[in-house]
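Okay, work_5.tsv is below, TSV, C-alpha atoms:
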```tsv
chain	number	residue	atom	x	y	z
A	1	MET	CA	0.00	0.00	0.00
A	2	LEU	CA	1.40	3.40	-0.99
A	3	LEU	CA	1.28	6.34	1.34
A	4	ALA	CA	-0.33	9.63	0.44
A	5	GLY	CA	1.97	12.56	-0.31
A	6	ALA	CA	2.54	15.49	-2.59
A	7	GLY	CA	2.35	14.44	-6.21
A	8	TRP	CA	0.11	11.44	-5.45
A	9	ALA	CA	2.04	9.12	-7.76
A	10	SER	CA	0.17	6.14	-9.10
A	11	ALA	CA	1.00	2.62	-7.95
A	12	GLN	CA	2.30	1.87	-11.46
A	13	ASN	CA	4.83	4.69	-11.33
A	14	ASP	CA	7.77	3.74	-9.12
A	15	ARG	CA	9.88	6.68	-10.40
A	16	PRO	CA	7.73	9.77	-9.83
A	17	PHE	CA	10.74	12.10	-10.24
A	18	ALA	CA	12.14	10.41	-13.36
A	19	GLN	CA	11.99	13.63	-15.41
A	20	ILE	CA	13.83	15.70	-12.79
A	21	ASP	CA	17.63	15.83	-12.69
A	22	VAL	CA	19.08	15.93	-9.17
A	23	ALA	CA	22.55	14.69	-10.24
A	24	PRO	CA	22.76	11.73	-7.83
A	25	LYS	CA	26.23	10.69	-9.00
A	26	ARG	CA	27.81	14.08	-9.54
A	27	VAL	CA	31.02	14.56	-7.54
A	28	GLY	CA	32.27	18.01	-6.59
A	29	SER	CA	33.32	20.41	-3.87
A	30	ALA	CA	31.82	23.32	-1.95
A	31	ALA	CA	32.92	25.60	-4.79
A	32	ASP	CA	30.33	23.92	-7.07
A	33	LEU	CA	27.30	24.67	-4.88
A	34	GLN	CA	24.48	27.14	-5.63
A	35	SER	CA	22.12	29.36	-3.66
A	36	MET	CA	18.72	28.38	-2.27
A	37	ASP	CA	16.80	31.09	-4.14
A	38	LYS	CA	17.31	29.24	-7.42
A	39	PHE	CA	15.24	26.29	-6.17
A	40	CYS	CA	12.46	27.73	-3.99
A	41	GLY	CA	9.85	27.76	-6.75
A	42	THR	CA	6.42	29.15	-5.98
A	43	LYS	CA	4.27	26.22	-4.80
A	44	LYS	CA	3.66	26.14	-1.06
A	45	ILE	CA	5.36	23.07	0.43
A	46	ARG	CA	5.97	21.43	3.80
A	47	VAL	CA	9.33	19.97	4.83
A	48	ALA	CA	10.12	17.40	7.52
A	49	TYR	CA	13.42	16.18	8.98
A	50	SER	CA	13.80	12.63	10.37
A	51	ASP	CA	16.92	12.42	12.57
A	52	GLY	CA	18.06	8.96	13.61
A	53	PHE	CA	19.89	10.20	16.70
A	54	GLY	CA	19.56	13.85	17.66
A	55	GLY	CA	21.39	13.67	20.95
A	56	ASN	CA	24.52	15.76	20.40
A	57	THR	CA	25.55	19.26	19.44
A	58	TRP	CA	26.55	18.29	15.89
A	59	ARG	CA	22.99	17.13	15.24
A	60	LYS	CA	21.49	20.29	16.77
A	61	ILE	CA	23.67	22.47	14.57
A	62	SER	CA	22.74	20.42	11.49
A	63	ARG	CA	19.05	20.90	12.26
A	64	ALA	CA	19.66	24.65	12.63
A	65	GLU	CA	21.45	24.68	9.25
A	66	LEU	CA	18.36	23.07	7.67
A	67	GLU	CA	15.94	25.49	9.28
A	68	ASP	CA	18.09	28.46	8.31
A	69	GLU	CA	18.23	27.33	4.67
A	70	ALA	CA	14.47	26.69	4.60
A	71	SER	CA	13.83	30.23	5.90
A	72	LYS	CA	15.12	31.58	2.56
A	73	CYS	CA	12.01	30.25	0.77
A	74	PRO	CA	8.79	32.05	1.79
A	75	ASN	CA	6.76	29.25	0.19
A	76	ILE	CA	8.08	26.66	2.70
A	77	THR	CA	5.27	26.84	5.23
A	78	GLU	CA	6.53	24.30	7.77
A	79	VAL	CA	9.74	22.54	8.82
A	80	ALA	CA	8.88	19.64	11.14
A	81	TYR	CA	11.43	17.62	13.15
A	82	VAL	CA	11.38	14.11	14.63
A	83	ASP	CA	14.15	12.33	16.54
A	84	ALA	CA	14.29	8.51	16.61
A	85	GLN	CA	16.65	8.63	19.61
A	86	GLY	CA	18.81	5.82	18.23
A	87	ASN	CA	15.88	3.42	17.79
A	88	PRO	CA	15.71	1.96	14.23
A	89	GLN	CA	12.07	0.93	14.54
A	90	LYS	CA	11.11	4.41	15.71
A	91	GLN	CA	12.85	5.98	12.73
A	92	ILE	CA	10.95	3.70	10.37
A	93	SER	CA	7.69	4.65	12.10
A	94	ASP	CA	8.66	8.33	12.01
A	95	ILE	CA	9.21	8.22	8.24
A	96	GLN	CA	5.94	6.40	7.68
A	97	SER	CA	4.08	8.91	9.83
A	98	LEU	CA	5.60	11.91	8.05
A	99	ALA	CA	4.69	10.40	4.68
A	100	ALA	CA	1.13	9.73	5.83
A	101	GLN	CA	0.86	13.38	6.90
A	102	GLY	CA	1.66	14.40	3.33
A	103	TYR	CA	4.92	16.30	3.74
A	104	ASP	CA	6.30	17.29	0.35
A	105	VAL	CA	9.96	16.83	1.30
A	106	ILE	CA	11.46	14.49	3.92
A	107	ILE	CA	15.15	14.85	4.78
A	108	ILE	CA	16.63	11.82	6.57
A	109	PHE	CA	19.78	11.16	8.56
A	110	ALA	CA	19.58	7.39	8.24
A	111	ASP	CA	21.34	6.17	11.38
A	112	SER	CA	19.20	3.05	11.08
A	113	GLY	CA	20.94	2.11	7.84
A	114	GLU	CA	19.30	-0.22	5.34
A	115	ALA	CA	16.36	-0.81	7.68
A	116	VAL	CA	14.76	2.47	6.56
A	117	LEU	CA	14.62	1.58	2.87
A	118	ARG	CA	11.14	0.07	2.79
A	119	ALA	CA	9.70	3.21	4.38
A	120	THR	CA	11.70	5.57	2.16
A	121	LYS	CA	10.69	3.65	-0.97
A	122	GLU	CA	7.00	3.80	-0.10
A	123	ALA	CA	7.24	7.53	0.52
A	124	THR	CA	9.19	8.11	-2.71
A	125	GLN	CA	6.67	6.15	-4.79
A	126	ALA	CA	3.94	8.27	-3.23
A	127	GLY	CA	5.56	11.34	-4.81
A	128	ILE	CA	7.40	12.65	-1.75
A	129	ALA	CA	10.92	13.99	-2.31
A	130	VAL	CA	12.87	11.81	0.14
A	131	VAL	CA	16.49	12.90	0.51
A	132	LEU	CA	19.12	11.10	2.57
A	133	TRP	CA	22.16	13.00	3.75
A	134	GLN	CA	25.58	12.01	5.09
A	135	SER	CA	24.91	8.30	4.56
A	136	GLY	CA	28.04	7.60	2.49
A	137	VAL	CA	28.30	6.76	-1.19
A	138	ASP	CA	27.93	3.01	-0.54
A	139	PHE	CA	24.56	3.31	1.18
A	140	PRO	CA	22.22	0.64	-0.24
A	141	GLY	CA	19.19	1.36	-2.37
A	142	THR	CA	18.67	3.01	-5.75
A	143	PRO	CA	18.35	6.79	-6.12
A	144	GLY	CA	15.09	7.66	-7.83
A	145	VAL	CA	13.47	4.45	-6.61
A	146	ASP	CA	14.21	3.90	-2.92
A	147	TYR	CA	14.75	7.61	-2.30
A	148	LEU	CA	15.26	10.68	-4.48
A	149	VAL	CA	18.99	11.18	-3.82
A	150	ASN	CA	21.65	10.68	-1.14
A	151	VAL	CA	23.63	13.88	-0.55
A	152	THR	CA	26.83	13.08	1.28
A	153	ALA	CA	30.48	13.58	1.78
A	154	SER	CA	32.28	10.46	0.59
A	155	GLN	CA	32.71	8.63	3.88
A	156	SER	CA	35.29	6.22	2.48
A	157	ASP	CA	37.33	9.16	1.19
A	158	MET	CA	36.96	10.88	4.56
A	159	GLY	CA	38.49	7.81	6.18
A	160	GLY	CA	41.20	7.63	3.56
A	161	VAL	CA	42.14	11.31	3.86
A	162	TRP	CA	42.45	11.08	7.64
A	163	MET	CA	44.42	7.83	7.59
A	164	LYS	CA	46.78	9.17	4.90
A	165	TRP	CA	47.42	12.22	7.09
A	166	ILE	CA	48.19	9.94	10.05
A	167	ALA	CA	50.46	7.66	8.03
A	168	GLN	CA	52.46	10.55	6.63
A	169	ARG	CA	53.02	12.12	10.04
A	170	LEU	CA	54.07	8.79	11.55
A	171	ASN	CA	56.34	8.04	8.58
A	172	GLY	CA	54.25	4.92	7.95
A	173	LYS	CA	54.87	3.28	11.33
A	174	GLY	CA	52.85	3.24	14.56
A	175	ASN	CA	49.75	2.18	16.48
A	176	VAL	CA	46.40	3.83	15.67
A	177	LEU	CA	43.35	3.82	17.95
A	178	VAL	CA	40.12	4.26	15.98
A	179	TYR	CA	36.91	5.68	17.49
A	180	GLY	CA	33.56	5.32	15.68
A	181	GLY	CA	29.97	6.38	16.30
A	182	THR	CA	26.77	4.46	16.98
A	183	PRO	CA	26.50	0.68	16.44
A	184	GLY	CA	26.12	-0.05	12.71
A	185	ALA	CA	26.35	3.62	11.69
A	186	PRO	CA	26.87	3.82	7.90
A	187	GLN	CA	29.27	6.73	8.44
A	188	THR	CA	31.57	4.59	10.58
A	189	ALA	CA	31.32	1.63	8.21
A	190	GLY	CA	32.14	3.79	5.20
A	191	GLN	CA	35.09	5.43	6.87
A	192	LYS	CA	36.40	2.08	8.07
A	193	ALA	CA	36.60	0.83	4.49
A	194	GLY	CA	38.51	3.94	3.45
A	195	LEU	CA	40.95	4.03	6.33
A	196	GLU	CA	41.71	0.30	6.08
A	197	LYS	CA	42.42	0.65	2.36
A	198	VAL	CA	45.04	3.30	3.09
A	199	ALA	CA	46.45	1.41	6.08
A	200	LYS	CA	47.20	-1.58	3.83
A	201	GLU	CA	49.68	0.62	1.98
A	202	TYR	CA	51.73	0.88	5.19
A	203	PRO	CA	52.70	-2.55	6.57
A	204	ASP	CA	54.08	-1.02	9.78
A	205	LEU	CA	50.91	0.92	10.54
A	206	ARG	CA	48.77	-1.03	13.01
A	207	ILE	CA	45.08	-0.41	13.66
A	208	LEU	CA	44.61	-1.51	17.26
A	209	GLU	CA	40.84	-2.18	17.28
A	210	ASP	CA	37.75	-2.10	15.11
A	211	PRO	CA	36.10	1.34	15.43
A	212	ILE	CA	35.17	1.76	19.08
A	213	VAL	CA	31.45	2.44	19.64
A	214	THR	CA	31.07	5.82	21.33
A	215	ASN	CA	27.58	6.92	20.27
A	216	TRP	CA	29.39	10.17	19.41
A	217	ASP	CA	29.16	11.03	23.11
A	218	PRO	CA	32.19	12.78	24.71
A	219	ALA	CA	31.40	11.10	28.03
A	220	GLN	CA	31.63	7.69	26.38
A	221	TYR	CA	35.01	8.53	24.86
A	222	GLN	CA	36.28	9.49	28.31
A	223	LYS	CA	34.73	6.45	29.99
A	224	LEU	CA	36.11	3.91	27.50
A	225	THR	CA	39.61	5.32	27.04
A	226	PRO	CA	41.24	4.36	30.39
A	227	ALA	CA	40.78	0.64	29.64
A	228	LEU	CA	42.29	1.16	26.20
A	229	LEU	CA	45.26	2.97	27.71
A	230	ALA	CA	45.81	0.06	30.07
A	231	LYS	CA	45.56	-2.40	27.18
A	232	TYR	CA	47.91	-0.55	24.82
A	233	PRO	CA	51.12	0.90	26.27
A	234	GLN	CA	51.91	2.62	22.97
A	235	ILE	CA	49.34	4.67	21.06
A	236	ASP	CA	50.82	6.87	18.36
A	237	ALA	CA	47.65	8.25	16.78
A	238	ILE	CA	43.95	8.68	17.48
A	239	TYR	CA	41.53	8.46	14.58
A	240	SER	CA	38.18	10.05	15.40
A	241	ASP	CA	35.44	11.53	13.23
A	242	TYR	CA	33.98	13.83	15.90
A	243	GLY	CA	36.01	16.71	17.30
A	244	ASN	CA	33.89	17.41	20.35
A	245	GLY	CA	33.75	13.70	21.15
A	246	VAL	CA	37.47	13.07	20.93
A	247	MET	CA	38.02	15.69	23.61
A	248	GLY	CA	36.71	13.10	26.07
A	249	ALA	CA	39.50	10.74	25.03
A	250	LEU	CA	42.14	13.48	25.29
A	251	ARG	CA	41.02	14.32	28.81
A	252	ALA	CA	41.49	10.64	29.71
A	253	PHE	CA	45.02	10.73	28.27
A	254	LYS	CA	45.81	13.77	30.41
A	255	GLU	CA	44.36	12.19	33.56
A	256	ALA	CA	46.43	9.05	32.97
A	257	GLY	CA	49.61	11.06	32.43
A	258	ARG	CA	50.01	9.62	28.94
A	259	PRO	CA	51.44	11.77	26.12
A	260	ILE	CA	48.77	12.93	23.69
A	261	PRO	CA	49.45	11.56	20.20
A	262	ILE	CA	48.46	12.95	16.82
A	263	VAL	CA	44.71	13.26	16.36
A	264	THR	CA	42.23	13.44	13.48
A	265	SER	CA	38.68	14.68	13.75
A	266	GLN	CA	36.09	16.90	12.22
A	267	ALA	CA	36.89	20.51	13.03
A	268	ALA	CA	35.82	21.67	16.49
A	269	ASN	CA	36.68	24.91	18.23
A	270	GLU	CA	37.38	23.20	21.55
A	271	LEU	CA	39.91	20.84	19.95
A	272	SER	CA	41.71	23.66	18.16
A	273	CYS	CA	41.88	25.72	21.35
A	274	PHE	CA	43.05	22.69	23.34
A	275	TRP	CA	45.86	22.11	20.84
A	276	LYS	CA	46.99	25.74	21.11
A	277	LYS	CA	46.97	25.49	24.90
A	278	GLU	CA	48.81	22.16	25.11
A	279	LYS	CA	51.18	22.19	22.12
A	280	ALA	CA	54.17	23.44	24.14
A	281	ASN	CA	53.72	20.70	26.76
A	282	GLU	CA	52.76	17.90	24.36
A	283	PRO	CA	55.37	17.77	21.57
A	284	GLN	CA	53.76	14.72	19.90
A	285	PHE	CA	50.30	16.29	19.85
A	286	GLN	CA	49.26	17.42	16.34
A	287	ILE	CA	45.80	17.65	14.78
A	288	GLY	CA	44.42	17.26	11.27
A	289	THR	CA	40.75	18.09	10.76
A	290	GLU	CA	38.19	17.95	8.00
A	291	SER	CA	35.02	20.02	7.87
A	292	ALA	CA	32.24	18.72	10.10
A	293	PHE	CA	29.99	19.05	7.01
A	294	ASN	CA	26.87	20.17	8.89
A	295	TRP	CA	26.18	22.44	5.90
A	296	ILE	CA	25.66	19.48	3.56
A	297	ILE	CA	22.10	19.25	4.89
A	298	ARG	CA	21.49	22.54	3.06
A	299	VAL	CA	22.32	20.83	-0.25
A	300	ALA	CA	19.96	17.98	0.66
A	301	LEU	CA	17.17	20.47	1.29
A	302	ARG	CA	17.81	22.33	-1.97
A	303	LYS	CA	17.56	19.10	-3.96
A	304	GLY	CA	14.39	18.04	-2.17
A	305	VAL	CA	12.70	21.40	-2.60
A	306	ALA	CA	13.74	21.59	-6.26
A	307	ALA	CA	12.18	18.19	-6.95
A	308	ALA	CA	8.97	19.08	-5.10
A	309	GLU	CA	8.79	22.24	-7.23
A	310	GLY	CA	9.48	20.34	-10.47
A	311	LEU	CA	12.93	21.91	-10.90
A	312	ASN	CA	16.32	20.40	-11.71
A	313	ASN	CA	19.21	20.68	-9.25
A	314	THR	CA	22.59	19.68	-10.66
A	315	GLU	CA	24.72	20.59	-7.65
A	316	PRO	CA	27.11	17.81	-6.60
A	317	SER	CA	25.49	15.09	-4.51
A	318	ILE	CA	28.87	13.68	-3.46
A	319	ILE	CA	31.24	16.13	-1.78
A	320	MET	CA	34.93	15.25	-1.69
A	321	PRO	CA	36.61	15.88	1.68
A	322	THR	CA	39.92	17.59	2.32
A	323	ILE	CA	41.99	18.49	5.36
A	324	VAL	CA	40.97	22.02	6.42
A	325	GLU	CA	43.19	22.45	9.51
A	326	ASP	CA	46.68	20.97	9.89
A	327	SER	CA	48.81	21.92	12.87
A	328	THR	CA	51.92	20.66	11.04
A	329	ASP	CA	51.40	23.10	8.17
A	330	THR	CA	52.09	26.79	8.81
A	331	LYS	CA	49.49	27.74	6.17
A	332	MET	CA	46.68	25.63	7.69
A	333	GLN	CA	46.96	26.27	11.42
A	334	PRO	CA	43.96	25.35	13.62
A	335	VAL	CA	41.69	28.31	14.35
A	336	CYS	CA	40.72	28.92	17.98
A	337	SER	CA	37.83	31.39	18.21
A	338	SER	CA	37.13	32.82	21.65
A	339	ASP	CA	33.68	33.98	20.53
A	340	LEU	CA	32.56	30.60	19.16
A	341	PRO	CA	31.05	27.74	21.17
A	342	PRO	CA	33.43	24.85	21.87
A	343	ASP	CA	31.51	22.36	19.75
A	344	ILE	CA	31.85	23.92	16.33
A	345	ALA	CA	34.47	25.57	14.13
A	346	ALA	CA	33.90	28.33	11.61
A	347	VAL	CA	35.18	26.05	8.82
A	348	SER	CA	32.29	23.64	9.42
A	349	THR	CA	29.16	25.76	9.34
A	350	GLN	CA	27.29	28.43	7.43
A	351	LEU	CA	25.55	29.65	10.57
A	352	SER	CA	26.69	32.97	11.99
A	353	LYS	CA	28.50	33.17	15.32
A	354	ASP	CA	25.41	34.81	16.80
A	355	GLN	CA	23.19	31.96	15.57
A	356	LEU	CA	25.56	29.35	17.01
A	357	ASN	CA	25.83	31.01	20.40
A	358	LYS	CA	22.04	31.38	20.65
A	359	LEU	CA	21.51	27.77	19.59
A	360	LEU	CA	23.95	26.27	22.08
A	361	ALA	CA	22.77	28.51	24.90
A	362	LYS	CA	19.34	26.85	24.82
```
Could you show the structure in this file as structure tokens?
Amino acid sequence: MLLAGAGWASAQNDRPFAQIDVAPKRVGSAADLQSMDKFCGTKKIRVAYSDGFGGNTWRKISRAELEDEASKCPNITEVAYVDAQGNPQKQISDIQSLAAQGYDVIIIFADSGEAVLRATKEATQAGIAVVLWQSGVDFPGTPGVDYLVNVTASQSDMGGVWMKWIAQRLNGKGNVLVYGGTPGAPQTAGQKAGLEKVAKEYPDLRILEDPIVTNWDPAQYQKLTPALLAKYPQIDAIYSDYGNGVMGALRAFKEAGRPIPIVTSQAANELSCFWKKEKANEPQFQIGTESAFNWIIRVALRKGVAAAEGLNNTEPSIIMPTIVEDSTDTKMQPVCSSDLPPDIAAVSTQLSKDQLNKLLAK
């Protein structure tokens, strides 16, 4: 049974957006992106956001990025939000409920992985513009059938870029501790494939564990790290995809009196400031960060709105990552901003400093 939604596609039409180009395989960078006003259209539409796990600052900022982008279109009359709180079945139910309510666009952070595909396919076939974001290029399903498009940074390339940075700074030899996110998160799985591919190029580079489940919670990083320090007397690098989270691990290193090694993460103001404070006392401590990519949700929204309005959107759907801060490079020094919240860096967001401070003060 198909769910009701904008467009009211017939049961025989499993590709209701077949005539609309949203460039699902186009690869590019932030320089290739366009402005929201080109895709607003004129038809009044309603947007909903299904978050698989909304329990940290990164997710709150991403939601704020979406709402800020939607505010540029006066014909978007509503932006609804639901949080599955890490429960796959709840996210499936959330998507089904949003589709039944007839939202024109549903943006999804699919923490539940492949489990959401039946619900996303039903909604897509009902004529709803379902857009996944930050799910990695290897996420299952077929764009245009199971969902409209998946807008994402290449997670495998993110993993590869970080691991290459680590390998080069260790001269190809050392022990790497890898932290991941929630159990089964497609982001962690995608990055694991990329980092392991690079690690194979360096026979003397040892990955100590499979990605450690942290739920992207700084308290979990700090709670889990002491046992890892006891288990591994030598840790030369920390691989993490969450800058605010890895601070929990670094605090555990300090408390244990262990030297802080080189660290990767997504850019975070607190991490950059911590490096500036500790660099004189911790000669091994260096950081290499990539953008936290909260702003990619804006691209996801633009593609969803364009489709709902019957417009093409040929912006890249796959964004290639690069190192944006590198403490070992005089031209890419980490930026510590005293007037920014600890959880976010200016290189990772399109929100103003005032917006960020108001958001995180709530």
Contacts of Glu196 in chain A within 12 Å, all atoms listed in the file, excl. fewer than 3 positions in-chain, as a VMD selection string: chain A and resid 156 to 164 167 176 178 188 to 193 199 to 203 205 to 211 239
Phe109 in chain A environment, 8 Å, all atoms listed in the file, sequence neighbours closer than 3 positions dropped, as a ChimeraX atom specification: /A:50-52,132-135
Residue nearest Val137 in chain A among A:Asn215, A:Ser291, A:Thr152, A:Gln101 (counting all atoms listed in the file): A:Thr152
Neighbour list for Glu309 in chain A as a PDB file with C-alpha atoms, in the coordinates of the input, cut-off 12 Å, all atoms listed in the file, skip fewer than 6 positions in-chain:
```
ATOM      1  CA  ALA A   6       2.540  15.490  -2.590  1.00  0.00           C
ATOM      2  CA  GLY A   7       2.350  14.440  -6.210  1.00  0.00           C
ATOM      3  CA  PHE A  17      10.740  12.100 -10.240  1.00  0.00           C
ATOM      4  CA  ILE A  20      13.830  15.700 -12.790  1.00  0.00           C
ATOM      5  CA  LYS A  38      17.310  29.240  -7.420  1.00  0.00           C
ATOM      6  CA  PHE A  39      15.240  26.290  -6.170  1.00  0.00           C
ATOM      7  CA  CYS A  40      12.460  27.730  -3.990  1.00  0.00           C
ATOM      8  CA  GLY A  41       9.850  27.760  -6.750  1.00  0.00           C
ATOM      9  CA  THR A  42       6.420  29.150  -5.980  1.00  0.00           C
ATOM     10  CA  LYS A  43       4.270  26.220  -4.800  1.00  0.00           C
ATOM     11  CA  LYS A  44       3.660  26.140  -1.060  1.00  0.00           C
ATOM     12  CA  ILE A  45       5.360  23.070   0.430  1.00  0.00           C
ATOM     13  CA  ARG A  46       5.970  21.430   3.800  1.00  0.00           C
ATOM     14  CA  CYS A  73      12.010  30.250   0.770  1.00  0.00           C
ATOM     15  CA  ASN A  75       6.760  29.250   0.190  1.00  0.00           C
ATOM     16  CA  ILE A  76       8.080  26.660   2.700  1.00  0.00           C
ATOM     17  CA  ASP A 104       6.300  17.290   0.350  1.00  0.00           C
ATOM     18  CA  VAL A 105       9.960  16.830   1.300  1.00  0.00           C
ATOM     19  CA  GLY A 127       5.560  11.340  -4.810  1.00  0.00           C
ATOM     20  CA  ILE A 128       7.400  12.650  -1.750  1.00  0.00           C
ATOM     21  CA  ALA A 129      10.920  13.990  -2.310  1.00  0.00           C
ATOM     22  CA  ARG A 302      17.810  22.330  -1.970  1.00  0.00           C
ATOM     23  CA  LYS A 303      17.560  19.100  -3.960  1.00  0.00           C
TER      24      LYS A 303
END
```
10 Å contact set for Lys25 in chain A, all atoms listed in the file, chain neighbours under 6 positions out, as a list in words: Val137, Pro143, Val149, Asn150, Val151, Thr314, Pro316, Ser317 and Ile318 of chain A
Gap from CA of Asp241 in chain A to CA of Thr264 in chain A - Å, one decimal: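 These two atoms are separated by 7.1 Å.
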Residue with smallest distance to Leu228 in chain A - pool A:Ile296, A:Leu195, A:Ala115, A:Leu177, counting all atoms listed in the file: A:Leu177
Long-range neighbours of Pro186 in chain A as a list in words, 9 Å cut-off, only C-alpha atoms, 6 positions minimum in chain: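 So the residues in contact are Ala110, Asp111, Ser112, Gly113, Glu114, Gln134, Ser135, Gly136, Asp138, Phe139 and Gln155 of chain A.
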